[in-house]
Amino acid sequence: MLSLKMKQTLKQILAEDVGKGDITSSLIPTKQCRAKIFTREPCVVAGLEEAKFLFKSRGVKATGSFKDGDRLKKGSAVLRLRGSNKAIFSVERTALNVLGRMSEVATTCAEAKKITGSKATVAITRKTMPGFNLFDKKAAKIAGVWPHRLNLGDAILLKENHLKFFASPSKAVEAAKKKAGKANFAEVEVESLAEAFDAAKAKPNIIMLDNFSPAKAKSAIKKLRPVFNGKIELSGGINLKNLKSYAKAKPDIISMGCLTYATKWLDFSLLLEK
């Protein structure tokens, strides 16, 4: 379900692309046409709801037999369109861009989840496309990956630079839990086992081990488990190539910025059908 904010963002993105109007399409007569959008690559599709909304906003009917989260083969027709040729052309690039970005994020997230299996919860970070955060997070959820914090107001996450203003990680967690009130949620990022043990004294919800090697992460987690009942998260430098090694360390959560910042663009095309 698209939120009001998401609908407003989609309309703004479309308006930016249309600009003062499609001067190329002004050269051709208006005709009722049919068209299809298909994927040129296998993928976990995401963004269908968004694409349908965009076309509907210009009076184009968009239908399809697939749903977000489906695994598609190369050449699959994800949407069939019916409406004015000029309306279709005005939405084409925006819809393809949304589908391409969201499907690539969903496909990459699905691959990460497949690698970890049930060993840990995979999460994305806030390293999302500026202005497209809601949709990157949605694409991750479609693939079964935890979106983590939506924004800075969503949860307390004490990072390295925050800790510089406190006497110790445990003091920072205590201040965070007091600030959180009834929600009482706090996560803290640490860079050493000593910091992790200190943070554990204040009982945060999550301790994030940042930039630990797989071997050091495994050792740290084994030592932390007897004294810490919260969740342990690994982050920093984790990618699809080394993910399996980190999963063997048996953390509760593995967060991966590369799932959004290192993705390419999945290729979709629109073809007019007479």
# chains A, B, ... in the order shown; residues from 1 in each chain; ligands from 1
call {"tool": "residues_around", "arguments": {"residues": "Ala217 (chain A)", "least_positions_apart": "6", "cutoff": "12 Å", "atoms": "only C-alpha atoms", "output": "PyMOL selection string"}}
result
chain A and resi 190-193+196+208-211+223-224+232-236+238+245-252+254
call {"tool": "write_last_selection", "arguments": {"atoms": "C-alpha atoms", "output": "short mmCIF file (atom, residue, chain, number, x, y, z; two decimals), in the first residue's frame"}}
result
data_model
loop_
_atom_site.label_atom_id
_atom_site.label_comp_id
_atom_site.auth_asym_id
_atom_site.auth_seq_id
_atom_site.Cartn_x
_atom_site.Cartn_y
_atom_site.Cartn_z
CA VAL A 190 31.29 -0.40 19.15
CA GLU A 191 34.70 -0.92 17.61
CA SER A 192 36.32 -3.24 20.14
CA LEU A 193 35.42 -6.10 22.44
CA ALA A 196 31.15 -4.12 23.70
CA MET A 208 26.61 -3.45 16.74
CA LEU A 209 30.13 -4.73 16.18
CA ASP A 210 31.51 -2.38 13.53
CA ASN A 211 34.27 -3.32 11.09
CA LYS A 223 32.45 -14.08 24.51
CA LEU A 224 29.51 -11.66 24.60
CA ILE A 232 24.29 -8.63 18.31
CA GLU A 233 24.66 -6.99 14.93
CA LEU A 234 27.58 -7.02 12.52
CA SER A 235 28.22 -4.14 10.14
CA GLY A 236 31.00 -2.53 8.11
CA ILE A 238 30.28 -6.75 4.55
CA SER A 245 31.94 -15.94 6.44
CA TYR A 246 30.22 -13.32 8.60
CA ALA A 247 27.07 -15.44 8.87
CA LYS A 248 29.18 -18.26 10.32
CA ALA A 249 30.00 -15.96 13.26
CA LYS A 250 26.34 -16.44 14.29
CA PRO A 251 25.23 -12.83 14.84
CA ASP A 252 21.55 -11.98 15.16
CA ILE A 254 23.98 -8.42 9.58
#
call {"tool": "select_by_dssp", "arguments": {"residues": "region 102-266 of chain A", "states": "helix (DSSP H, G or I)", "output": "PyMOL selection string"}}
result
chain A and resi 102-116+133-142+160-163+169-180+193-200+214-224+243-247+258-261
call {"tool": "residues_around", "arguments": {"residues": "Ile124 (chain A)", "least_positions_apart": "2", "cutoff": "9 Å", "atoms": "only C-alpha atoms", "output": "ChimeraX atom specification"}}
result
/A:109,122,126-128,137,140,145-149,254-260
call {"tool": "write_last_selection", "arguments": {"atoms": "C-alpha atoms", "output": "short mmCIF file (atom, residue, chain, number, x, y, z; two decimals), in the first residue's frame"}}
result
data_model
loop_
_atom_site.label_atom_id
_atom_site.label_comp_id
_atom_site.auth_asym_id
_atom_site.auth_seq_id
_atom_site.Cartn_x
_atom_site.Cartn_y
_atom_site.Cartn_z
CA CYS A 109 18.60 -8.23 -0.97
CA VAL A 122 19.87 -9.31 6.95
CA ARG A 126 20.39 4.46 5.65
CA LYS A 127 22.79 4.50 2.70
CA THR A 128 19.83 4.84 0.38
CA LYS A 137 13.30 0.43 2.25
CA ALA A 140 14.21 -4.47 0.92
CA VAL A 145 15.22 -8.01 4.44
CA TRP A 146 14.88 -5.81 7.53
CA PRO A 147 14.81 -2.09 6.57
CA HIS A 148 16.41 -1.10 9.91
CA ARG A 149 15.85 2.61 10.72
CA ILE A 254 23.98 -8.42 9.58
CA SER A 255 23.53 -4.92 8.16
CA MET A 256 24.89 -4.21 4.68
CA GLY A 257 25.17 -0.78 3.12
CA CYS A 258 26.17 -2.34 -0.20
CA LEU A 259 22.63 -3.64 -0.70
CA THR A 260 21.64 -0.10 -1.65
#
call {"tool": "select_by_dssp", "arguments": {"residues": "region 93-169 of chain A", "states": "strand (DSSP E)", "output": "MDAnalysis selection string"}}
result
chainID A and resid 121:123 157:158
call {"tool": "closest_residue", "arguments": {"among": "A:Glu111, A:Glu160, A:Asp267, A:Glu50", "to": "Ser3 (chain A)", "atoms": "only C-alpha atoms"}}
result
A:Glu50
call {"tool": "decode", "arguments": {"residues": "region 147-179 of chain A", "atoms": "C-alpha atoms", "output": "PDB file, in the first residue's frame"}}
result
ATOM      1  CA  PRO A 147      14.807  -2.087   6.571  1.00  0.00           C
ATOM      2  CA  HIS A 148      16.410  -1.099   9.913  1.00  0.00           C
ATOM      3  CA  ARG A 149      15.852   2.612  10.724  1.00  0.00           C
ATOM      4  CA  LEU A 150      13.630   4.492   8.323  1.00  0.00           C
ATOM      5  CA  ASN A 151      15.127   7.828   9.375  1.00  0.00           C
ATOM      6  CA  LEU A 152      16.895   9.532  12.270  1.00  0.00           C
ATOM      7  CA  GLY A 153      13.641   9.835  14.220  1.00  0.00           C
ATOM      8  CA  ASP A 154      12.875   6.126  13.987  1.00  0.00           C
ATOM      9  CA  ALA A 155      15.253   4.771  16.630  1.00  0.00           C
ATOM     10  CA  ILE A 156      18.306   5.639  18.691  1.00  0.00           C
ATOM     11  CA  LEU A 157      21.580   4.393  17.224  1.00  0.00           C
ATOM     12  CA  LEU A 158      24.693   5.590  19.049  1.00  0.00           C
ATOM     13  CA  LYS A 159      27.611   5.636  16.626  1.00  0.00           C
ATOM     14  CA  GLU A 160      31.321   6.346  16.996  1.00  0.00           C
ATOM     15  CA  ASN A 161      30.968  10.125  16.805  1.00  0.00           C
ATOM     16  CA  HIS A 162      28.127  10.175  19.340  1.00  0.00           C
ATOM     17  CA  LEU A 163      30.174   8.173  21.844  1.00  0.00           C
ATOM     18  CA  LYS A 164      32.855  10.868  21.918  1.00  0.00           C
ATOM     19  CA  PHE A 165      30.475  12.996  23.981  1.00  0.00           C
ATOM     20  CA  PHE A 166      30.054  10.388  26.736  1.00  0.00           C
ATOM     21  CA  ALA A 167      32.399   8.934  29.331  1.00  0.00           C
ATOM     22  CA  SER A 168      31.820   5.413  28.066  1.00  0.00           C
ATOM     23  CA  PRO A 169      29.501   3.370  25.820  1.00  0.00           C
ATOM     24  CA  SER A 170      27.485   2.261  28.858  1.00  0.00           C
ATOM     25  CA  LYS A 171      26.908   5.887  29.897  1.00  0.00           C
ATOM     26  CA  ALA A 172      25.744   6.671  26.372  1.00  0.00           C
ATOM     27  CA  VAL A 173      23.298   3.757  26.428  1.00  0.00           C
ATOM     28  CA  GLU A 174      21.945   4.851  29.808  1.00  0.00           C
ATOM     29  CA  ALA A 175      21.303   8.348  28.453  1.00  0.00           C
ATOM     30  CA  ALA A 176      19.678   6.897  25.336  1.00  0.00           C
ATOM     31  CA  LYS A 177      17.340   4.635  27.292  1.00  0.00           C
ATOM     32  CA  LYS A 178      16.331   7.525  29.509  1.00  0.00           C
ATOM     33  CA  LYS A 179      15.589   9.644  26.440  1.00  0.00           C
TER      34      LYS A 179
END
